[in-house]
Amino acid sequence: MSDTPPTLVLTGGQVLTVDRAFTVAEGVAVRGGDIVAVGTDAEMRALAGTGTRVVELGGRTVLPGINDSHLHGAAYGMTKPPFALDVGHPAVRSIADIADTVGRAAREARPGAWITGLGWDPGYLAECRDDPRRFPHRRDLEAVAPDHPVCLTDFSSHMVWANTAALRHCGIDAHTAPPPGGVIDLDADGEPTGILREAAQRLVQAALPSPTIAERRRAIQGVIGELHSRGITSYTEPGLGPGGTGTLFGGLSTDNWTAYAELAAERALEARVSVLLLPAPMGGSADDVRKGLAELRRPESADPRLLCAIGVKIFGDGVPPNRTAWMSEPYPEGGHGGLCVHGDTPTLQADELREMIRVAHEAGFQLGVHVTGDRAIDTVVDAFVAAQEAAPRPDARHYVIHGDFISPGSLAKLAAHGCGVNMNPAIKWTISDLMDEVVGPERSAYQWPVRSALDAGVRVCASSDAPITQPDWRQGVASMMLRESKASGRPSGPDQCVPLADALRAYTATPAWQDFADDWKGTIEPGKTADLCVLDRPLLDLDPHHITEVRVDLTVFDGRVVFER
């Protein structure tokens, strides 16, 4: 260790290193952008010099900087005012509330301008709760926005609600065929209701005005400021490139990458962003992946520790709440869902998905595949194995994104082949009561089987999927430890609960592995980068029900204090 004193010392607290032994120390010393020592309070104080800033922790907790390993940063920024309307709970509580919100925006917008919003959830809309047959309809928006096209994306980002003006603008009528992997809801008269699911969303999203690079930069920087206040210093941006859809997920260009790259080159990107490229849209094909990868190549970054394109994202199936996840057993009301890839039959679609995975694997990319139903997950995991056996790579680190109903057999295969799974415990908290109705109580209780995955030896990351949920790792940790529902507090699959150490690893050390960065970030150890998060109280032995009340007092990024409460 150099004789130069540390620039920053945090001491007198509970330093959860999240190293392999989950060592608990009392202090940590930082010089420049690196951690130089971890140890007792006396050891850390002895290192401090006249120019060292010493933060007295007073028993508070220090964690590695949080890594939200699946967070649509650019999209999340574009969902906020002034870019889009908030039509999620609790901002709105009914269809009537949404109509009022859209109406106000229409009165202020220039004639014919698009109105966009995000977050509506029928489970929290009064009219839908009162009548299970009731669902948002284009007519709900007619009186308030007859001349403005409206596109409102639901909380899952797998469904949009468009008004008549938007359908007319996009040429969607009773005779429009949905794209592969998409659904256009029709009413009793055979007319579109305005609800477009999965790949059909892009029929409307493709017409949305694309934000400028300056707007994207502003949105990204706004998000990073919020993330600092939450102790988050790293995130995975899952899906930039020509496969993106509309304003929410990147446009049909690489403008979001350009915005990130400009910020990184200017040293104005104050987060570590790992990127999955999106070469093909939902409903795409292996040829789309080949073409997309040829166009994208692997973009350059001024600083790979700030911004790095490490992988490729592919869409496998839909999502369970929309009954579009591909399941082995039918949903209670019938149907198995399906894959969201090119092909006229399930067999052809499965073959196409395997080929998409093979192409990306042989191109040398890490693969993150969005897949939720057990039948779809089995298909993807078998494709991982087949691709690796045909063209072995020593450390591909492919992973399943979401993995809601992953089977024991697929967990065993992931573990055996060094693959991971990225799960969403805060979404589990949000929708577990709803899922009892969607898939039945037994499958609902199993959804996101974190304990089973860890027991099988699979590396588990946890993430918010923002803007699907808020980027609140505290809720994710509490959800992993409790498995309780937001609506009723009822436990859902308590046998899948995990202890605090496992939950914290899923937001720190394991995402660093997913990022191919576990040798330099993700734990509090000498030689690792100085990304740290200080909480307002001791975390060990805290009742998990109180974890969501914990506040972030200080966030350190690259050795610099970037947030202080």
# chains A, B, ... in the order shown; residues from 1 in each chain; ligands from 1
>>> select_by_dssp(residues="range 118-200 of chain A", states="strand (DSSP E or B)", output="PyMOL selection string")
chain A and resi 118-120+150-154+159-162+182-186+192-198
>>> closest_residue(among="A:Gly373, A:Gly311, A:Gly457, A:Gly27", to="Phe405 in chain A", atoms="only C-alpha atoms")
A:Gly373
>>> atom_distance(atom1="CA of Tyr76 in chain A", atom2="CA of Ser210 in chain A")
15.0 Å
>>> residues_around(residues="range 105-120 of chain A", least_positions_apart="6", cutoff="8 Å", atoms="only C-alpha atoms", output="JSON, numbers by chain")
{"A": [79, 84, 85, 86, 87, 88, 89, 144, 145, 147, 148, 149, 150, 151, 152, 153, 154, 155, 156, 208, 209, 468]}
>>> atom_distance(atom1="CA of Glu295 in chain A", atom2="CA of Ala466 in chain A")
27.4 Å
>>> residues_around(residues="Gly318 in chain A", least_positions_apart="2", cutoff="9 Å", atoms="only C-alpha atoms", output="list in words")
His158, Gly181, Arg197, Glu198, Phe315, Gly316, Pro320, Asn322, Arg323, Thr324, Ala325, Trp326, Gly337, Gly338, Leu339, Cys340, His370, Val371, Thr372 and Gly373 of chain A
>>> closest_atom_pairs(of="range 443-501 of chain A", to="range 510-522 of chain A", cutoff="9 Å", atoms="only C-alpha atoms", output="tab-separated table")
residue	atom	partner	partner_atom	distance
A:Arg459	CA	A:Thr510	CA	6.6
A:Val460	CA	A:Thr510	CA	6.7
A:Cys461	CA	A:Pro511	CA	5.7
A:Ala462	CA	A:Pro511	CA	8.0
>>> write_last_selection(atoms="N, CA and C atoms", output="compact mmCIF listing (two decimals), in the first residue's frame")
# COMPACT_ATOMS: atom_id res chain seq x y z
N ARG A 459 -26.21 -18.60 -10.58
CA ARG A 459 -25.99 -17.21 -10.17
C ARG A 459 -27.26 -16.41 -10.43
N VAL A 460 -27.76 -15.75 -9.39
CA VAL A 460 -29.03 -15.01 -9.48
C VAL A 460 -28.77 -13.52 -9.32
N CYS A 461 -29.17 -12.76 -10.32
CA CYS A 461 -29.19 -11.30 -10.21
C CYS A 461 -30.62 -10.86 -9.97
N ALA A 462 -30.78 -9.74 -9.26
CA ALA A 462 -32.09 -9.15 -9.04
C ALA A 462 -32.09 -7.75 -9.63
>>> atom_distance(atom1="CA of Thr430 in chain A", atom2="CA of Gly182 in chain A")
24.9 Å
>>> closest_residue(among="A:Pro408, A:Pro180, A:Gly33, A:Pro425", to="Thr345 in chain A", atoms="only C-alpha atoms")
A:Pro180
>>> closest_residue(among="A:Arg45, A:Arg354, A:Arg505, A:Arg565", to="Ala21 in chain A", atoms="only C-alpha atoms")
A:Arg505
>>> closest_residue(among="A:Gly231, A:Asp187, A:Ser488, A:Pro146", to="Val561 in chain A", atoms="only C-alpha atoms")
A:Gly231
>>> residues_around(residues="Gln475 in chain A", least_positions_apart="6", cutoff="8 Å", atoms="only C-alpha atoms", output="compact mmCIF listing (two decimals) with N, CA, C and O atoms, in the first residue's frame")
# COMPACT_ATOMS: atom_id res chain seq x y z
N PRO A 425 -37.68 -9.41 -8.14
CA PRO A 425 -38.45 -9.59 -6.90
C PRO A 425 -39.44 -8.47 -6.61
O PRO A 425 -40.48 -8.72 -6.00
N ALA A 426 -39.15 -7.23 -7.03
CA ALA A 426 -40.11 -6.15 -6.78
C ALA A 426 -41.36 -6.33 -7.62
O ALA A 426 -42.46 -5.92 -7.21
N ILE A 547 -36.94 -2.78 5.88
CA ILE A 547 -35.86 -2.46 4.94
C ILE A 547 -36.29 -1.35 3.98
O ILE A 547 -35.47 -0.49 3.62
N THR A 548 -37.55 -1.31 3.59
CA THR A 548 -37.99 -0.27 2.65
C THR A 548 -37.98 1.12 3.30
O THR A 548 -38.09 2.13 2.59
>>> decode(residues="range 379-393 of chain A", atoms="all heavy atoms", output="tab-separated table (two decimals), in the first residue's frame")
chain	number	residue	atom	x	y	z
A	379	THR	N	-36.84	-24.08	-23.79
A	379	THR	CA	-36.36	-23.95	-25.17
A	379	THR	C	-35.09	-23.12	-25.22
A	379	THR	O	-34.12	-23.46	-25.90
A	379	THR	CB	-37.46	-23.31	-26.05
A	379	THR	OG1	-38.64	-24.11	-26.00
A	379	THR	CG2	-36.99	-23.19	-27.50
A	380	VAL	N	-35.08	-22.00	-24.49
A	380	VAL	CA	-33.92	-21.10	-24.49
A	380	VAL	C	-32.72	-21.76	-23.84
A	380	VAL	O	-31.59	-21.70	-24.36
A	380	VAL	CB	-34.28	-19.78	-23.78
A	380	VAL	CG1	-33.04	-18.96	-23.47
A	380	VAL	CG2	-35.25	-18.97	-24.64
A	381	VAL	N	-32.92	-22.39	-22.69
A	381	VAL	CA	-31.79	-23.01	-22.00
A	381	VAL	C	-31.19	-24.14	-22.84
A	381	VAL	O	-29.96	-24.27	-22.94
A	381	VAL	CB	-32.23	-23.51	-20.61
A	381	VAL	CG1	-31.12	-24.32	-19.94
A	381	VAL	CG2	-32.62	-22.33	-19.72
A	382	ASP	N	-32.04	-24.93	-23.46
A	382	ASP	CA	-31.52	-25.98	-24.34
A	382	ASP	C	-30.74	-25.37	-25.51
A	382	ASP	O	-29.73	-25.94	-25.96
A	382	ASP	CB	-32.66	-26.85	-24.87
A	382	ASP	CG	-33.23	-27.79	-23.83
A	382	ASP	OD1	-32.57	-27.99	-22.78
A	382	ASP	OD2	-34.33	-28.32	-24.04
A	383	ALA	N	-31.19	-24.21	-25.99
A	383	ALA	CA	-30.47	-23.53	-27.07
A	383	ALA	C	-29.13	-23.00	-26.59
A	383	ALA	O	-28.13	-23.03	-27.34
A	383	ALA	CB	-31.32	-22.40	-27.64
A	384	PHE	N	-29.06	-22.50	-25.35
A	384	PHE	CA	-27.76	-22.10	-24.77
A	384	PHE	C	-26.79	-23.29	-24.80
A	384	PHE	O	-25.63	-23.17	-25.21
A	384	PHE	CB	-27.93	-21.64	-23.31
A	384	PHE	CG	-28.52	-20.28	-23.11
A	384	PHE	CD1	-28.92	-19.88	-21.83
A	384	PHE	CD2	-28.68	-19.38	-24.15
A	384	PHE	CE1	-29.46	-18.63	-21.61
A	384	PHE	CE2	-29.22	-18.12	-23.94
A	384	PHE	CZ	-29.62	-17.74	-22.66
A	385	VAL	N	-27.27	-24.42	-24.31
A	385	VAL	CA	-26.43	-25.61	-24.22
A	385	VAL	C	-25.97	-26.06	-25.61
A	385	VAL	O	-24.78	-26.36	-25.83
A	385	VAL	CB	-27.19	-26.74	-23.50
A	385	VAL	CG1	-26.38	-28.04	-23.55
A	385	VAL	CG2	-27.49	-26.36	-22.05
A	386	ALA	N	-26.91	-26.08	-26.56
A	386	ALA	CA	-26.57	-26.53	-27.91
A	386	ALA	C	-25.57	-25.59	-28.57
A	386	ALA	O	-24.62	-26.05	-29.24
A	386	ALA	CB	-27.84	-26.63	-28.75
A	387	ALA	N	-25.75	-24.28	-28.38
A	387	ALA	CA	-24.83	-23.32	-28.98
A	387	ALA	C	-23.43	-23.47	-28.40
A	387	ALA	O	-22.43	-23.41	-29.13
A	387	ALA	CB	-25.35	-21.90	-28.76
A	388	GLN	N	-23.36	-23.67	-27.09
A	388	GLN	CA	-22.07	-23.81	-26.43
A	388	GLN	C	-21.37	-25.11	-26.85
A	388	GLN	O	-20.14	-25.13	-27.05
A	388	GLN	CB	-22.26	-23.78	-24.91
A	388	GLN	CG	-20.99	-23.95	-24.10
A	388	GLN	CD	-20.02	-22.78	-24.24
A	388	GLN	OE1	-20.41	-21.71	-24.66
A	388	GLN	NE2	-18.76	-23.00	-23.89
A	389	GLU	N	-22.13	-26.17	-27.02
A	389	GLU	CA	-21.53	-27.44	-27.41
A	389	GLU	C	-21.05	-27.40	-28.86
A	389	GLU	O	-20.02	-28.00	-29.21
A	389	GLU	CB	-22.53	-28.57	-27.20
A	389	GLU	CG	-22.79	-28.88	-25.72
A	389	GLU	CD	-23.83	-29.95	-25.50
A	389	GLU	OE1	-24.54	-30.29	-26.49
A	389	GLU	OE2	-23.95	-30.44	-24.36
A	390	ALA	N	-21.78	-26.66	-29.71
A	390	ALA	CA	-21.40	-26.58	-31.12
A	390	ALA	C	-20.20	-25.65	-31.33
A	390	ALA	O	-19.37	-25.88	-32.22
A	390	ALA	CB	-22.58	-26.10	-31.96
A	391	ALA	N	-20.12	-24.59	-30.53
A	391	ALA	CA	-19.03	-23.61	-30.66
A	391	ALA	C	-18.59	-23.21	-29.27
A	391	ALA	O	-19.00	-22.15	-28.76
A	391	ALA	CB	-19.50	-22.41	-31.47
A	392	PRO	N	-17.79	-24.03	-28.60
A	392	PRO	CA	-17.46	-23.78	-27.19
A	392	PRO	C	-16.76	-22.43	-26.98
A	392	PRO	O	-15.91	-22.03	-27.76
A	392	PRO	CB	-16.51	-24.94	-26.85
A	392	PRO	CG	-16.83	-26.00	-27.86
A	392	PRO	CD	-17.21	-25.27	-29.10
A	393	ARG	N	-17.19	-21.74	-25.93
A	393	ARG	CA	-16.55	-20.51	-25.48
A	393	ARG	C	-16.28	-20.67	-23.99
A	393	ARG	O	-17.13	-21.18	-23.26
A	393	ARG	CB	-17.45	-19.30	-25.73
A	393	ARG	CG	-17.50	-18.87	-27.20
A	393	ARG	CD	-18.62	-17.90	-27.48
A	393	ARG	NE	-18.64	-16.78	-26.53
A	393	ARG	CZ	-19.68	-15.94	-26.42
A	393	ARG	NH1	-20.75	-16.10	-27.17
A	393	ARG	NH2	-19.64	-14.96	-25.55
